[in-house]
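Student: The following file, coords-v9.cif, comprises mmCIF, C-alpha atoms:
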data_structure
#
loop_
_atom_site.label_atom_id
_atom_site.label_comp_id
_atom_site.auth_asym_id
_atom_site.auth_seq_id
_atom_site.Cartn_x
_atom_site.Cartn_y
_atom_site.Cartn_z
CA MET X 914 0.00 0.00 0.00
CA ASN X 915 2.80 2.40 0.93
CA ALA X 916 4.73 1.39 -2.17
CA LYS X 917 1.73 2.29 -4.30
CA ARG X 918 1.41 5.70 -2.68
CA ALA X 919 5.12 6.30 -3.11
CA LEU X 920 4.89 5.48 -6.80
CA LEU X 921 1.90 7.81 -7.23
CA LEU X 922 3.88 10.60 -5.57
CA LEU X 923 6.76 9.95 -7.94
CA ALA X 924 4.39 10.12 -10.92
CA LEU X 925 3.46 13.67 -9.82
CA LEU X 926 7.04 14.63 -10.66
CA ALA X 927 5.98 14.41 -14.31
CA LEU X 928 4.22 17.74 -13.72
CA ALA X 929 7.70 19.28 -13.57
CA ALA X 930 8.16 18.76 -17.33
CA PRO X 931 7.79 22.49 -18.23
CA VAL X 932 11.16 23.07 -16.54
CA PHE X 933 12.78 21.75 -19.69
CA ALA X 934 11.27 24.56 -21.73
CA GLN X 935 13.56 27.28 -20.36
CA GLY X 936 15.09 29.55 -23.01
CA GLN X 937 18.64 29.32 -24.32
CA ALA X 938 21.26 31.08 -22.20
CA PRO X 939 22.82 34.11 -24.01
CA ALA X 940 26.31 33.41 -25.35
CA ALA X 941 29.18 35.08 -23.46
CA GLN X 942 30.71 37.92 -25.46
CA SER X 943 33.90 38.40 -23.41
CA ASN X 944 37.31 37.32 -24.64
CA THR X 945 38.11 35.29 -21.54
CA HIS X 946 37.89 31.60 -22.28
CA TRP X 947 36.22 30.56 -19.06
CA ILE X 948 35.85 26.96 -20.17
CA TRP X 949 39.63 26.53 -20.38
CA ILE X 950 40.25 28.10 -16.98
CA THR X 951 37.53 26.25 -15.09
CA SER X 952 38.28 22.94 -16.75
CA GLY X 953 41.88 23.20 -15.57
CA PHE X 954 40.83 23.89 -12.01
CA ALA X 955 38.09 21.26 -12.05
CA MET X 956 40.35 18.52 -13.32
CA ALA X 957 43.09 19.48 -10.87
CA ILE X 958 40.72 19.35 -7.90
CA ALA X 959 39.17 16.08 -9.05
CA SER X 960 42.54 14.43 -9.63
CA ALA X 961 43.93 15.68 -6.31
CA VAL X 962 41.04 14.38 -4.23
CA CYS X 963 41.01 11.13 -6.23
CA GLY X 964 44.70 10.73 -5.50
CA LEU X 965 44.14 11.25 -1.77
CA ALA X 966 41.31 8.72 -1.71
CA GLN X 967 43.27 6.11 -3.64
CA ALA X 968 46.27 6.66 -1.36
CA LYS X 969 44.09 5.94 1.64
CA ALA X 970 42.74 2.79 -0.02
CA VAL X 971 46.19 1.52 -0.95
CA ALA X 972 47.56 2.30 2.52
CA SER X 973 44.79 0.32 4.22
CA ALA X 974 45.22 -2.56 1.79
CA CYS X 975 48.99 -2.71 2.36
CA GLU X 976 48.52 -2.67 6.10
CA GLY X 977 45.90 -5.41 5.90
CA MET X 978 48.12 -7.57 3.73
CA ALA X 979 51.03 -7.03 6.12
CA ARG X 980 49.00 -8.02 9.14
CA ASN X 981 47.50 -11.09 7.50
CA PRO X 982 49.49 -12.34 4.49
CA GLY X 983 47.14 -15.30 4.13
CA ALA X 984 44.26 -12.96 3.28
CA ALA X 985 46.29 -11.16 0.62
CA ALA X 986 44.16 -12.39 -2.31
CA PRO X 987 40.77 -11.09 -1.07
CA ILE X 988 42.39 -7.86 0.09
CA ARG X 989 44.01 -7.35 -3.30
CA PHE X 990 40.66 -8.03 -4.97
CA ALA X 991 38.89 -5.45 -2.81
CA LEU X 992 41.74 -3.02 -3.43
CA ILE X 993 41.48 -3.29 -7.22
CA LEU X 994 37.72 -2.90 -7.13
CA GLY X 995 37.95 0.12 -4.81
CA LEU X 996 40.64 1.81 -6.87
CA ALA X 997 38.65 1.41 -10.08
CA LEU X 998 35.53 2.89 -8.49
CA ILE X 999 37.43 5.87 -7.05
CA GLU X 1000 39.17 6.42 -10.38
CA SER X 1001 35.82 6.57 -12.12
CA LEU X 1002 34.84 9.62 -10.03
CA ALA X 1003 37.76 11.59 -11.40
CA LEU X 1004 36.83 10.38 -14.86
CA TYR X 1005 33.30 11.79 -14.54
CA THR X 1006 34.94 15.22 -14.22
CA LEU X 1007 37.00 14.53 -17.31
CA VAL X 1008 33.92 13.54 -19.30
CA ILE X 1009 32.12 16.73 -18.32
CA ILE X 1010 35.17 18.73 -19.41
CA LEU X 1011 35.27 16.90 -22.74
CA LEU X 1012 31.58 17.62 -23.30
CA GLN X 1013 32.00 21.30 -22.43
CA VAL X 1014 35.03 21.73 -24.65
CA ARG X 1015 33.25 20.07 -27.52
CA ALA X 1016 30.20 22.29 -27.06
CA ALA X 1017 32.23 25.50 -26.78
CA MET C 590 33.05 16.33 -39.04
CA GLN C 591 33.90 13.24 -41.02
CA GLU C 592 36.50 11.34 -39.08
CA HIS C 593 39.25 9.42 -40.78
CA GLU C 594 38.02 6.07 -42.07
CA LEU C 595 39.97 2.99 -41.16
CA TRP C 596 40.86 0.48 -43.87
CA PHE C 597 38.41 -2.04 -42.47
CA THR C 598 35.59 0.49 -42.44
CA ALA C 599 36.48 1.52 -46.00
CA LEU C 600 36.34 -2.16 -46.98
CA LEU C 601 32.82 -2.49 -45.55
CA ASN C 602 31.71 0.79 -47.10
CA ASP C 603 33.04 -0.08 -50.53
CA HIS C 604 31.41 -3.49 -50.73
CA LEU C 605 28.50 -3.59 -48.28
CA ALA C 606 27.08 -0.07 -48.40
CA GLY C 607 23.66 -1.35 -49.51
CA VAL C 608 23.51 -3.83 -46.65
CA GLY C 609 24.39 -1.06 -44.19
CA ASP C 610 21.69 1.24 -45.52
CA SER C 611 19.02 -1.47 -45.37
CA ILE C 612 19.96 -2.47 -41.80
CA LEU C 613 19.70 1.18 -40.74
CA SER C 614 16.33 1.50 -42.46
CA TRP C 615 14.95 -1.40 -40.40
CA VAL C 616 15.11 0.94 -37.40
CA GLY C 617 14.18 4.04 -39.37
CA VAL C 618 17.60 5.70 -39.29
CA HIS C 619 19.11 7.37 -42.35
CA ALA C 620 22.90 7.59 -42.66
CA GLU C 621 24.44 11.03 -43.19
CA ASN C 622 26.18 9.80 -46.29
CA PRO C 623 24.22 6.91 -47.79
CA ALA C 624 27.18 5.86 -49.89
CA ARG C 625 29.25 5.23 -46.74
CA PRO C 626 26.88 4.16 -43.96
CA TRP C 627 29.33 2.09 -41.91
CA SER C 628 31.00 4.09 -39.17
CA ASN C 629 34.31 3.22 -37.56
CA PHE C 630 32.99 1.90 -34.30
CA ILE C 631 30.44 -0.41 -35.91
CA ALA C 632 33.08 -1.85 -38.20
CA MET C 633 35.46 -2.38 -35.27
CA GLU C 634 32.73 -4.02 -33.19
CA ILE C 635 31.95 -6.41 -36.03
CA LEU C 636 35.65 -7.16 -36.33
CA VAL C 637 35.85 -7.96 -32.61
CA ALA C 638 32.81 -10.25 -32.84
CA VAL C 639 34.27 -12.04 -35.87
CA VAL C 640 37.64 -12.46 -34.13
CA ILE C 641 35.99 -13.89 -31.02
CA VAL C 642 33.84 -16.34 -32.99
CA VAL C 643 36.77 -17.48 -35.14
CA ALA C 644 39.09 -17.84 -32.14
CA PHE C 645 36.66 -19.97 -30.18
CA ALA C 646 35.60 -21.97 -33.22
CA TRP C 647 39.29 -22.70 -33.79
CA LEU C 648 39.75 -23.64 -30.14
CA ARG C 649 36.78 -25.93 -29.66
CA PRO C 650 37.96 -29.00 -31.64
CA ARG C 651 41.37 -28.73 -30.04
CA LEU C 652 40.08 -29.17 -26.50
CA SER C 653 40.98 -32.51 -24.95
CA VAL C 654 40.55 -33.88 -21.45
CA ASP C 655 43.45 -36.35 -21.62
CA ARG C 656 46.13 -34.37 -23.42
CA PRO C 657 45.56 -30.64 -22.98
CA GLY C 658 47.78 -28.44 -25.12
CA LYS C 659 49.32 -25.06 -24.32
CA VAL C 660 46.44 -23.05 -25.77
CA GLN C 661 43.96 -25.07 -23.76
CA HIS C 662 45.93 -24.31 -20.61
CA CYS C 663 45.82 -20.59 -21.35
CA PHE C 664 42.08 -20.61 -21.81
CA GLU C 665 41.61 -22.82 -18.76
CA VAL C 666 43.52 -20.34 -16.62
CA THR C 667 41.32 -17.50 -17.88
CA TYR C 668 38.14 -19.48 -17.35
CA LEU C 669 39.10 -20.58 -13.84
CA PHE C 670 39.95 -17.00 -12.96
CA LEU C 671 36.53 -15.81 -14.13
CA ARG C 672 34.82 -18.75 -12.45
CA GLY C 673 36.65 -18.11 -9.16
CA THR C 674 35.70 -14.43 -9.18
CA ALA C 675 32.06 -15.30 -9.89
CA GLU C 676 32.00 -17.78 -7.04
CA ASP C 677 33.51 -15.21 -4.69
CA VAL C 678 30.77 -12.75 -5.55
CA LEU C 679 27.74 -14.97 -6.17
CA GLY C 680 28.43 -18.30 -4.53
CA PRO C 681 27.20 -21.62 -5.95
CA PRO C 682 24.46 -20.17 -8.22
CA SER C 683 27.15 -18.42 -10.27
CA HIS C 684 27.41 -21.18 -12.89
CA ALA C 685 24.05 -20.20 -14.38
CA TYR C 686 25.34 -16.71 -15.22
CA MET C 687 28.88 -17.56 -16.30
CA ALA C 688 27.95 -17.37 -19.99
CA TYR C 689 27.08 -13.68 -19.81
CA PHE C 690 29.97 -12.78 -17.50
CA GLY C 691 32.51 -14.52 -19.70
CA THR C 692 31.09 -12.99 -22.87
CA ILE C 693 31.04 -9.45 -21.54
CA PHE C 694 34.60 -9.80 -20.25
CA ILE C 695 36.02 -11.24 -23.48
CA PHE C 696 34.13 -8.76 -25.66
CA ILE C 697 35.19 -5.69 -23.70
CA LEU C 698 38.75 -6.97 -23.33
CA PHE C 699 39.17 -7.60 -27.07
CA SER C 700 37.48 -4.29 -27.89
CA ASN C 701 39.82 -2.40 -25.58
CA LEU C 702 42.93 -4.14 -26.85
CA LEU C 703 42.02 -3.71 -30.52
CA GLY C 704 42.95 -0.04 -30.28
CA VAL C 705 46.56 -0.84 -29.45
CA ILE C 706 47.09 -2.44 -32.85
CA PRO C 707 47.96 0.18 -35.49
CA THR C 708 45.27 0.99 -38.09
CA PHE C 709 42.53 -0.21 -35.73
CA GLU C 710 40.54 1.67 -33.10
CA SER C 711 38.93 0.51 -29.90
CA PRO C 712 35.17 0.51 -30.41
CA THR C 713 34.91 1.24 -26.69
CA MET C 714 36.52 4.60 -27.40
CA PHE C 715 33.19 5.79 -28.82
CA ALA C 716 30.51 6.48 -26.25
CA ALA C 717 27.88 4.34 -27.97
CA VAL C 718 29.67 1.03 -27.45
CA PRO C 719 30.13 1.17 -23.64
CA LEU C 720 26.56 2.42 -23.46
CA GLY C 721 25.43 -0.68 -25.33
CA CYS C 722 27.37 -2.97 -23.01
CA ALA C 723 26.04 -1.15 -19.93
CA LEU C 724 22.44 -1.31 -21.13
CA ALA C 725 22.86 -5.01 -21.93
CA THR C 726 24.11 -5.55 -18.38
CA PHE C 727 21.25 -3.46 -16.97
CA PHE C 728 18.61 -5.50 -18.78
CA TYR C 729 20.42 -8.74 -17.96
CA TYR C 730 20.56 -8.28 -14.22
CA ASN C 731 16.99 -7.08 -14.01
CA LEU C 732 15.84 -10.01 -16.14
CA MET C 733 17.72 -12.40 -13.86
CA GLY C 734 16.02 -10.75 -10.90
CA PHE C 735 12.62 -11.19 -12.54
CA ARG C 736 13.42 -14.80 -13.35
CA GLU C 737 14.57 -15.59 -9.82
CA HIS C 738 11.95 -13.79 -7.78
CA GLY C 739 9.06 -13.10 -10.11
CA VAL C 740 8.24 -9.61 -11.35
CA GLY C 741 6.12 -8.50 -8.37
CA ARG C 742 8.46 -9.68 -5.61
CA TYR C 743 11.53 -8.29 -7.36
CA LEU C 744 9.93 -4.86 -7.66
CA LYS C 745 8.83 -5.05 -4.02
CA HIS C 746 12.49 -5.25 -3.00
CA PHE C 747 12.79 -1.62 -4.07
CA ALA C 748 10.60 -0.65 -1.12
CA GLY C 749 13.25 -1.63 1.38
CA PRO C 750 13.06 -3.79 4.49
CA MET C 751 10.07 -2.11 6.12
CA PRO C 752 6.87 -0.76 4.52
CA LEU C 753 7.28 2.41 6.59
CA LEU C 754 10.53 3.25 4.82
CA ALA C 755 9.10 2.76 1.33
CA PRO C 756 8.55 6.47 0.42
CA LEU C 757 12.20 7.10 1.25
CA MET C 758 13.64 3.88 -0.15
CA VAL C 759 11.89 3.76 -3.53
CA PRO C 760 13.38 7.01 -4.93
CA ILE C 761 16.79 6.13 -3.51
CA GLU C 762 16.72 2.65 -5.00
CA LEU C 763 15.43 3.89 -8.35
CA ILE C 764 18.12 6.54 -8.60
CA SER C 765 20.85 4.11 -7.61
CA HIS C 766 19.65 1.57 -10.17
CA MET C 767 19.45 4.22 -12.90
CA SER C 768 22.94 5.42 -12.06
CA ARG C 769 24.44 1.97 -12.61
CA PRO C 770 24.41 1.93 -16.44
CA LEU C 771 25.53 5.57 -16.39
CA SER C 772 28.56 4.83 -14.24
CA LEU C 773 29.44 1.67 -16.17
CA THR C 774 29.30 3.58 -19.45
CA ILE C 775 31.29 6.58 -18.34
CA ARG C 776 33.92 4.54 -16.54
CA LEU C 777 34.71 2.39 -19.58
CA TYR C 778 34.38 5.17 -22.15
CA ALA C 779 36.45 7.72 -20.25
CA ASN C 780 39.23 5.27 -19.45
CA MET C 781 39.61 4.18 -23.06
CA TYR C 782 39.23 7.65 -24.56
CA ALA C 783 41.57 9.26 -22.04
CA GLY C 784 44.17 6.54 -22.50
CA GLU C 785 44.25 7.11 -26.22
CA GLN C 786 44.30 10.92 -25.87
CA VAL C 787 47.17 10.79 -23.36
CA THR C 788 49.19 8.58 -25.69
CA LEU C 789 48.49 10.94 -28.58
CA ALA C 790 49.43 13.97 -26.48
CA PHE C 791 52.74 12.44 -25.55
CA ILE C 792 53.42 11.40 -29.12
CA GLY C 793 52.96 15.06 -29.95
CA LEU C 794 55.45 16.05 -27.26
CA VAL C 795 58.15 13.38 -27.41
CA PRO C 796 57.73 11.14 -30.46
CA LEU C 797 60.14 8.40 -29.27
CA VAL C 798 60.15 5.99 -26.31
CA ILE C 799 58.07 8.00 -23.78
CA PRO C 800 54.65 7.27 -25.36
CA VAL C 801 55.40 3.56 -24.99
CA ALA C 802 55.04 3.91 -21.23
CA PHE C 803 51.61 5.45 -21.68
CA MET C 804 50.60 2.81 -24.18
CA GLY C 805 51.66 0.19 -21.65
CA LEU C 806 49.53 1.93 -19.04
CA HIS C 807 46.65 1.98 -21.54
CA VAL C 808 46.97 -1.80 -22.06
CA PHE C 809 46.98 -2.37 -18.30
CA VAL C 810 43.94 -0.12 -17.91
CA ALA C 811 42.24 -2.02 -20.76
CA PHE C 812 42.55 -5.30 -18.84
CA LEU C 813 41.55 -3.65 -15.59
CA GLN C 814 38.47 -1.93 -17.00
CA ALA C 815 37.22 -5.11 -18.65
CA PHE C 816 37.66 -6.90 -15.33
CA VAL C 817 35.94 -4.15 -13.35
CA PHE C 818 33.01 -4.06 -15.78
CA MET C 819 32.55 -7.81 -15.39
CA LEU C 820 32.97 -7.58 -11.62
CA LEU C 821 30.31 -4.91 -11.30
CA THR C 822 28.01 -6.98 -13.51
CA MET C 823 28.49 -9.87 -11.10
CA VAL C 824 27.80 -7.63 -8.11
CA TYR C 825 24.60 -6.31 -9.69
CA VAL C 826 23.40 -9.81 -10.60
CA ALA C 827 24.21 -10.94 -7.06
CA GLY C 828 22.18 -8.05 -5.67
CA ALA C 829 19.27 -8.94 -7.94
CA VAL C 830 19.09 -12.69 -7.32
CA GLU C 831 20.12 -12.98 -3.69
CA HIS C 832 17.63 -14.45 -1.27
CA GLU C 833 17.53 -12.58 1.99
CA HIS C 834 17.13 -14.57 5.16
#
How would this structure read if it were set down as structure tokens?
Tutor:
Amino acid sequence: MNAKRALLLLALLALAAPVFAQGQAPAAQSNTHWIWITSGFAMAIASAVCGLAQAKAVASACEGMARNPGAAAPIRFALILGLALIESLALYTLVIILLQVRAA
Amino acid sequence: MQEHELWFTALLNDHLAGVGDSILSWVGVHAENPARPWSNFIAMEILVAVVIVVAFAWLRPRLSVDRPGKVQHCFEVTYLFLRGTAEDVLGPPSHAYMAYFGTIFIFILFSNLLGVIPTFESPTMFAAVPLGCALATFFYYNLMGFREHGVGRYLKHFAGPMPLLAPLMVPIELISHMSRPLSLTIRLYANMYAGEQVTLAFIGLVPLVIPVAFMGLHVFVAFLQAFVFMLLTMVYVAGAVEHEH
């Protein structure tokens, strides 16, 4: 019963469709290439925080493998999976930059 | 912007342009240039599929239980690795899903590695191909959930453990499920595209020796991304078919 009500509430979100009809934003006339500046900063921040997170993951994995060498295989497995997922967050930033640069 | 055509794509366009146009017309799409409907990524995907079929067709008669050869050992190692990973994630029911896991791994791996060979490109470098793989995985794990639990019970899992939490859980679960194909697509596409662009950038800077390191990194990332895609597929299938106590 509650699931049905929740789904009906979600269906009301369809009333928000007119939001997509907003007008085009006016093109910037200045000579400053904001896309290039912000994309540099965005990628730097994303890569820096991704590097910190991956360092933390690798440090914990190394310590775990040192404490318990017998469990090295599952720890390595979890490490690889974790690193790939953290890496993908930095890559989302890169994809947005690529889309912006292509559109500009 | 017409990108440079590879020799394989030019081969398909020269001889099979009519076939390409008619296949596109089945779904109501018209090519920009009807004389050359085949695009690079479609041609490369077809090449990967042909290579996989030929390789396994070549392998099958050479398999032997009593006297395994070197090639059989290589494939056995790969298969046992995939099987072991699936059992770690799914447990005993994993054997029913091994066909899809193995296929998605081999397809993405060969697609990623095809770009390393000169005059070929990775089909996974174009956003449409990882999207196709991610959507296939999305439909697959939901279908496995429907098959295991039945449509009604599987959808009821979205409501969470208690009926009281349902208005909170349903949007959260829906958004997290919708984000899975998105993250799979972007992860694979961005890794392959960025790997190629980094290699090209370094070839522009230092034409000798240094780009080899980045190509090596790209090959390593190719293996890793195929493995991670397959691993996440396994995790999603496990989430869909598990029976809670």
Student: Evaluate the PyMOL selection byres ((chain X) within 12 of (chain C)) here and jot the selected residues down as a VMD selection string.
Tutor: chain X and resid 914 to 924 926 986 to 987 990 to 1012
Student: Rounded to one decimal, what separation in Å do you get between atom CA of Lys659 of chain C and atom CA of Gly691 of chain C?
Tutor: 20.4 Å
Student: Rank C:Ser700, C:Ser711, C:Ser683, C:Gln786 by their smallest atom-to-atom distance to Val639 of chain C, using only C-alpha atoms, and report the top residue only.
Tutor: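 The answer is C:Ser700, which sits nearest to Val639 of chain C.
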Student: Go through the shown structure with the PyMOL selection byres ((chain C and resi 682) around 12) and write out the matching residues as a PyMOL selection string.
Tutor: chain C and resi 672+675-681+683-687+733+737+823+826-827+830-832
Student: Can you list, as a ChimeraX atom specification, the residues that the PyMOL selection byres ((chain C and resi 792-807) around 10) selects here?
Tutor: /C:701-702,704-705,780-791,808-813
Student: Interatomic distance between atom CA of Arg742 of chain C and atom CA of Thr726 of chain C?
Tutor: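 One can read the atom CA of Arg742 of chain C to atom CA of Thr726 of chain C distance as 20.6 Å.
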